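Below you'll find the structure, written out as structure tokens, and then a few comments.
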Amino acid sequence: MRSDNLITSLDLGSESIKALVALDREKQSGFEILAKKQRPSKGIRKGAVEEPEALTERIEAVTQDLKQEIGQEADQVLINISGSHLRCEESKGTIAVSRADQKISQKDIDRVIDAAKTFSLPSNQEILDVFPKEYVVDGEEKVGEPLGMQGVRLEANVLATCTFSPYRENLTKAVLDSGLEIKDIEPSPLASARAILTDRQRERGSAVLDIGAWSTDLAVFDEKDLIHLAVFPIGSGHITNDLAIGLKTDIDLAEKIKREYGTCKGSRGRGKKITMDEDESVSFRENDIVKIVEPRVKEMLEQARNELESISKEDKLPGGVVLTGGGSVLPGLVDLAKEELSLPVSTAAPEHEDLTEAWSTAWGLTLKGTEINNGAPAFKSRLGSRLKKIFKVFVP
């Protein structure tokens, strides 16, 4: 089995590390998942790496699990980056076409993208990736691909994803110190979107809301392009905490109650009384659960709506909102989200029988690996290959 045909993806979350190894069949259709492993995470808080040494230990453990499964070590990995420190900025670049015959070359396109990247960033912030949204040739807007067109002036409107440099450095250090090489790094919302959105959904205008343990990722697309990205620090773990406080029980029992009886929409009547007999006994009714869970979920959905309003896309996404992530399976969430967002809402998991909604980010990274192997990265990213080369320099 050739190592360069293997794609290893690590979803580095605050609650868990999920790892996939897939075999890229090259010209054959599809690819095969060879191993799927998961371990509790450590060193990450709300998506941000705060203790790289602790995270390195967990990465080494999960990659050892993979080795035992497939019989060989991973060398290159695709990883995600998340946390509310992620943000996006719109920018514009303008250049004069360089060739005497005024035909736009790839060099001109690269130059105008570089020009669009020259905007002021706060201290300790850096550009992670750049996504062209629109090219303008001699004032003619909405040019999809300017290569080979004739013109004097070329402009590019781009969306830059930005990150807090110390957190990005901690993330890469944790992975590299485990002996792995980083093949690519991608914001979690984009990986999840690749896993569950169709081309048609991205073209019509859709948003992905990936609900994790301690944060929720949002990615918005229109006319196939990424137009917004945000991460806010609310996740399903906060619901567990609320239940522990509201029902006056320990956190493990609260998690079990959430998984078995959790709902954010239900009857407002008395409801059936339920008693959980563990080390301690706790009794509650369905409406008790709704009263605790619903406010937290509404808070999360309000954050999502505010982000859509900030880009004038509230009530204006024909493709609707697609929920994924481990927290998306909460009963009643789809109906409540429809009410709060005033948009079509559905849930989606990766199109693989062995993967649930919680594996969307890992699956999206795996798909990104096949795209890199085939020379066709998605979402018109402009910096991924450059970052890959940078990370190779620091391999131990």
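If you're wondering about the labels, chains in the structure tokens are A, B, ... by order shown, residues count from 1 in each chain, ligands from 1 in order shown.
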
Who sits within 9 Å of stretch 93-98 of chain A, only C-alpha atoms, same chain under 5 positions skipped, as a list in words: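 Once the adjacent positions are removed, what remains is Lys103, Ile104, Ser105, Lys107, Asp108, Arg111, Val112, Ile113, Asp114, Ala115, Ala116, Lys117, Thr118, Gln150, Gly151, Val152, Arg153, Leu154, Glu155, Ala156, Asn157 and Val158 of chain A.
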
Which of stretch 185-349 of chain A fall in strand (DSSP E or B), as a ChimeraX atom specification: /A:185-187,206-211,216-222,225-232,273-277,281-285,320-324,345-347

With a distance cut-off of 12 Å and only C-alpha atoms, select the neighbouring residues of A:Gly179, excluding the residue or stretch itself and same-chain residues fewer than 4 positions from it, and output the selection as a ChimeraX atom specification. /A:56-57,59-61,63-64,73-77,172-175,392,394-396

Would you compute the distance between atom CA of A:Ile372 and atom CA of A:Met149? Give it in Å to one decimal. 26.9 Å

Assign secondary structure with DSSP using the backbone only, and return the residues of stretch 114-246 of chain A in helix (DSSP H, G or I) as a PyMOL selection string. chain A and resi 114-116+165-176+188-196+199-204+236-246

Just the selected residues (N, CA and C atoms), exported as a short mmCIF file (atom, residue, chain, number, x, y, z; two decimals), in the first residue's frame, please.
data_model
loop_
_atom_site.label_atom_id
_atom_site.label_comp_id
_atom_site.auth_asym_id
_atom_site.auth_seq_id
_atom_site.Cartn_x
_atom_site.Cartn_y
_atom_site.Cartn_z
N ASP A 114 -2.26 39.12 -4.42
CA ASP A 114 -1.28 39.64 -3.47
C ASP A 114 -1.62 41.08 -3.08
N ALA A 115 -2.08 41.86 -4.04
CA ALA A 115 -2.46 43.25 -3.74
C ALA A 115 -3.65 43.29 -2.79
N ALA A 116 -4.59 42.34 -2.96
CA ALA A 116 -5.77 42.31 -2.09
C ALA A 116 -5.41 41.89 -0.67
N SER A 165 -2.38 34.54 15.58
CA SER A 165 -1.11 33.85 15.30
C SER A 165 -0.65 32.90 16.41
N PRO A 166 -0.67 33.30 17.69
CA PRO A 166 -0.21 32.37 18.73
C PRO A 166 -0.99 31.05 18.76
N TYR A 167 -2.30 31.10 18.52
CA TYR A 167 -3.09 29.87 18.51
C TYR A 167 -2.73 29.00 17.30
N ARG A 168 -2.52 29.62 16.15
CA ARG A 168 -2.12 28.87 14.96
C ARG A 168 -0.74 28.25 15.18
N GLU A 169 0.16 29.00 15.81
CA GLU A 169 1.50 28.48 16.08
C GLU A 169 1.44 27.31 17.06
N ASN A 170 0.60 27.44 18.10
CA ASN A 170 0.44 26.34 19.05
C ASN A 170 -0.10 25.09 18.38
N LEU A 171 -1.05 25.28 17.47
CA LEU A 171 -1.65 24.15 16.76
C LEU A 171 -0.60 23.43 15.92
N THR A 172 0.14 24.18 15.10
CA THR A 172 1.14 23.55 14.23
C THR A 172 2.27 22.93 15.05
N LYS A 173 2.64 23.57 16.15
CA LYS A 173 3.69 23.01 17.00
C LYS A 173 3.25 21.66 17.57
N ALA A 174 2.01 21.59 18.04
CA ALA A 174 1.51 20.34 18.63
C ALA A 174 1.55 19.20 17.62
N VAL A 175 1.20 19.49 16.37
CA VAL A 175 1.18 18.44 15.35
C VAL A 175 2.60 18.06 14.93
N LEU A 176 3.44 19.07 14.66
CA LEU A 176 4.79 18.79 14.22
C LEU A 176 5.62 18.09 15.29
N SER A 188 -12.34 24.77 10.35
CA SER A 188 -13.35 23.72 10.52
C SER A 188 -14.63 23.98 9.74
N PRO A 189 -15.15 25.23 9.70
CA PRO A 189 -16.41 25.44 8.96
C PRO A 189 -16.30 25.06 7.50
N LEU A 190 -15.12 25.28 6.88
CA LEU A 190 -14.96 24.94 5.47
C LEU A 190 -14.87 23.43 5.27
N ALA A 191 -14.19 22.75 6.18
CA ALA A 191 -14.11 21.30 6.08
C ALA A 191 -15.50 20.68 6.20
N SER A 192 -16.28 21.14 7.16
CA SER A 192 -17.63 20.61 7.34
C SER A 192 -18.51 20.90 6.12
N ALA A 193 -18.36 22.10 5.57
CA ALA A 193 -19.15 22.46 4.39
C ALA A 193 -18.82 21.57 3.21
N ARG A 194 -17.55 21.26 3.03
CA ARG A 194 -17.16 20.38 1.93
C ARG A 194 -17.79 18.99 2.10
N ALA A 195 -17.92 18.57 3.35
CA ALA A 195 -18.44 17.23 3.62
C ALA A 195 -19.93 17.10 3.33
N ILE A 196 -20.70 18.16 3.51
CA ILE A 196 -22.16 17.98 3.48
C ILE A 196 -22.90 18.84 2.47
N ASP A 199 -22.85 21.13 -4.67
CA ASP A 199 -22.56 22.30 -5.51
C ASP A 199 -23.81 23.15 -5.68
N ARG A 200 -24.96 22.49 -5.83
CA ARG A 200 -26.21 23.23 -6.02
C ARG A 200 -26.54 24.08 -4.80
N GLN A 201 -26.34 23.51 -3.62
CA GLN A 201 -26.62 24.28 -2.40
C GLN A 201 -25.70 25.49 -2.30
N ARG A 202 -24.41 25.31 -2.61
CA ARG A 202 -23.49 26.44 -2.56
C ARG A 202 -23.84 27.49 -3.59
N GLU A 203 -24.32 27.05 -4.75
CA GLU A 203 -24.67 28.01 -5.80
C GLU A 203 -25.93 28.79 -5.45
N ARG A 204 -26.92 28.13 -4.90
CA ARG A 204 -28.19 28.80 -4.58
C ARG A 204 -28.06 29.73 -3.38
N SER A 236 -22.71 22.21 22.41
CA SER A 236 -23.56 21.26 23.14
C SER A 236 -23.08 21.02 24.56
N GLY A 237 -21.79 21.25 24.83
CA GLY A 237 -21.29 21.10 26.19
C GLY A 237 -21.91 22.10 27.14
N HIS A 238 -22.26 23.29 26.63
CA HIS A 238 -22.92 24.29 27.48
C HIS A 238 -24.32 23.82 27.88
N ILE A 239 -24.97 23.07 26.99
CA ILE A 239 -26.28 22.52 27.32
C ILE A 239 -26.14 21.52 28.47
N THR A 240 -25.11 20.69 28.41
CA THR A 240 -24.86 19.74 29.50
C THR A 240 -24.65 20.47 30.82
N ASN A 241 -23.83 21.52 30.79
CA ASN A 241 -23.60 22.31 32.01
C ASN A 241 -24.88 22.89 32.55
N ASP A 242 -25.73 23.41 31.64
CA ASP A 242 -27.01 24.00 32.07
C ASP A 242 -27.89 22.96 32.74
N LEU A 243 -27.91 21.74 32.19
CA LEU A 243 -28.71 20.67 32.78
C LEU A 243 -28.18 20.28 34.15
N ALA A 244 -26.86 20.23 34.29
CA ALA A 244 -26.28 19.89 35.58
C ALA A 244 -26.68 20.90 36.65
N ILE A 245 -26.68 22.18 36.28
CA ILE A 245 -27.06 23.23 37.22
C ILE A 245 -28.56 23.21 37.47
N GLY A 246 -29.34 23.14 36.38
CA GLY A 246 -30.79 23.22 36.51
C GLY A 246 -31.41 22.04 37.25
#

Proximity to A:Val282 - best of A:Glu89, A:Asp250, A:Glu307, A:Glu260, only C-alpha atoms: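 When distances to A:Val282 are compared using only C-alpha atoms, the smallest one comes from A:Asp250.
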
Skipping near chain neighbours, those fewer than 5 positions away, what residues fall within 6 Å of stretch 326-333 of chain A using only C-alpha atoms, listed as a list of chain:residue names? A:Ile211, A:Gly212, A:Ser236, A:Thr263, A:Cys264, A:Lys265, A:Glu357, A:Ala358

Taking 3 positions as the minimum chain separation for residues in the same chain, which residues sit within 12 Å of A:Ser9 when counting only C-alpha atoms? Answer as a PyMOL selection string. chain A and resi 6+12+17-23+33-38+59+62-63+66+74-80+175+180-186+191+359-370

May I ask which of the residues A:Ile234, A:Val130, A:Ala48, A:Ala348 is the closest one to A:Thr198, counting only C-alpha atoms?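 Checking each candidate against A:Thr198, we get A:Ala348 as the closest.
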
Name all residues at most 6 Å from stretch 81-87 of chain A (count only C-alpha atoms; drop same-chain ones fewer than 6 positions away) and give them as a ChimeraX atom specification. /A:46-48,161-164,186-188,230-232

So how many Å separate atom CA of A:Thr347 and atom CA of A:Ile311, to one decimal? 23.1 Å

Spatial neighbours of A:Val220, max dist 8 Å, only C-alpha atoms, sep filter under 6 positions, as a list in words: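 Final neighbour list, sorted by chain and number: Gly205, Ser206, Ala207, Val208, Leu226, Ile227, His228 and Leu229 of chain A.
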
Next, the residues of the selection above should be written as a short mmCIF file (atom, residue, chain, number, x, y, z; two decimals), in the first residue's frame with N, CA and C atoms.
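Written file, selection.cif:
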data_model
loop_
_atom_site.label_atom_id
_atom_site.label_comp_id
_atom_site.auth_asym_id
_atom_site.auth_seq_id
_atom_site.Cartn_x
_atom_site.Cartn_y
_atom_site.Cartn_z
N GLY A 205 -27.14 29.43 -2.49
CA GLY A 205 -26.98 30.21 -1.27
C GLY A 205 -27.39 29.39 -0.07
N SER A 206 -26.40 28.94 0.70
CA SER A 206 -26.66 28.08 1.86
C SER A 206 -25.67 28.38 2.96
N ALA A 207 -26.03 27.96 4.16
CA ALA A 207 -25.13 28.10 5.31
C ALA A 207 -25.01 26.76 6.01
N VAL A 208 -23.82 26.48 6.52
CA VAL A 208 -23.58 25.31 7.35
C VAL A 208 -23.37 25.76 8.78
N LEU A 226 -17.48 31.16 -1.01
CA LEU A 226 -17.56 31.46 0.42
C LEU A 226 -17.73 32.96 0.59
N ILE A 227 -18.76 33.38 1.34
CA ILE A 227 -18.98 34.81 1.55
C ILE A 227 -18.88 35.22 3.01
N HIS A 228 -18.86 34.24 3.92
CA HIS A 228 -18.74 34.59 5.33
C HIS A 228 -18.35 33.35 6.13
N LEU A 229 -17.63 33.61 7.22
CA LEU A 229 -17.20 32.55 8.12
C LEU A 229 -17.15 33.11 9.53
#

Just checking: using only C-alpha atoms, which residue out of A:Ala254, A:Met300, A:Leu323, A:Leu341 ends up closest to A:Trp214?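 Distance minimum relative to A:Trp214 lands on A:Met300.
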
Which of A:Lys248, A:Thr324, A:Arg296, A:Ala337 sits closest to A:Leu355 [using only C-alpha atoms]: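 Residue with the minimum atom-to-atom distance to A:Leu355: A:Thr324.
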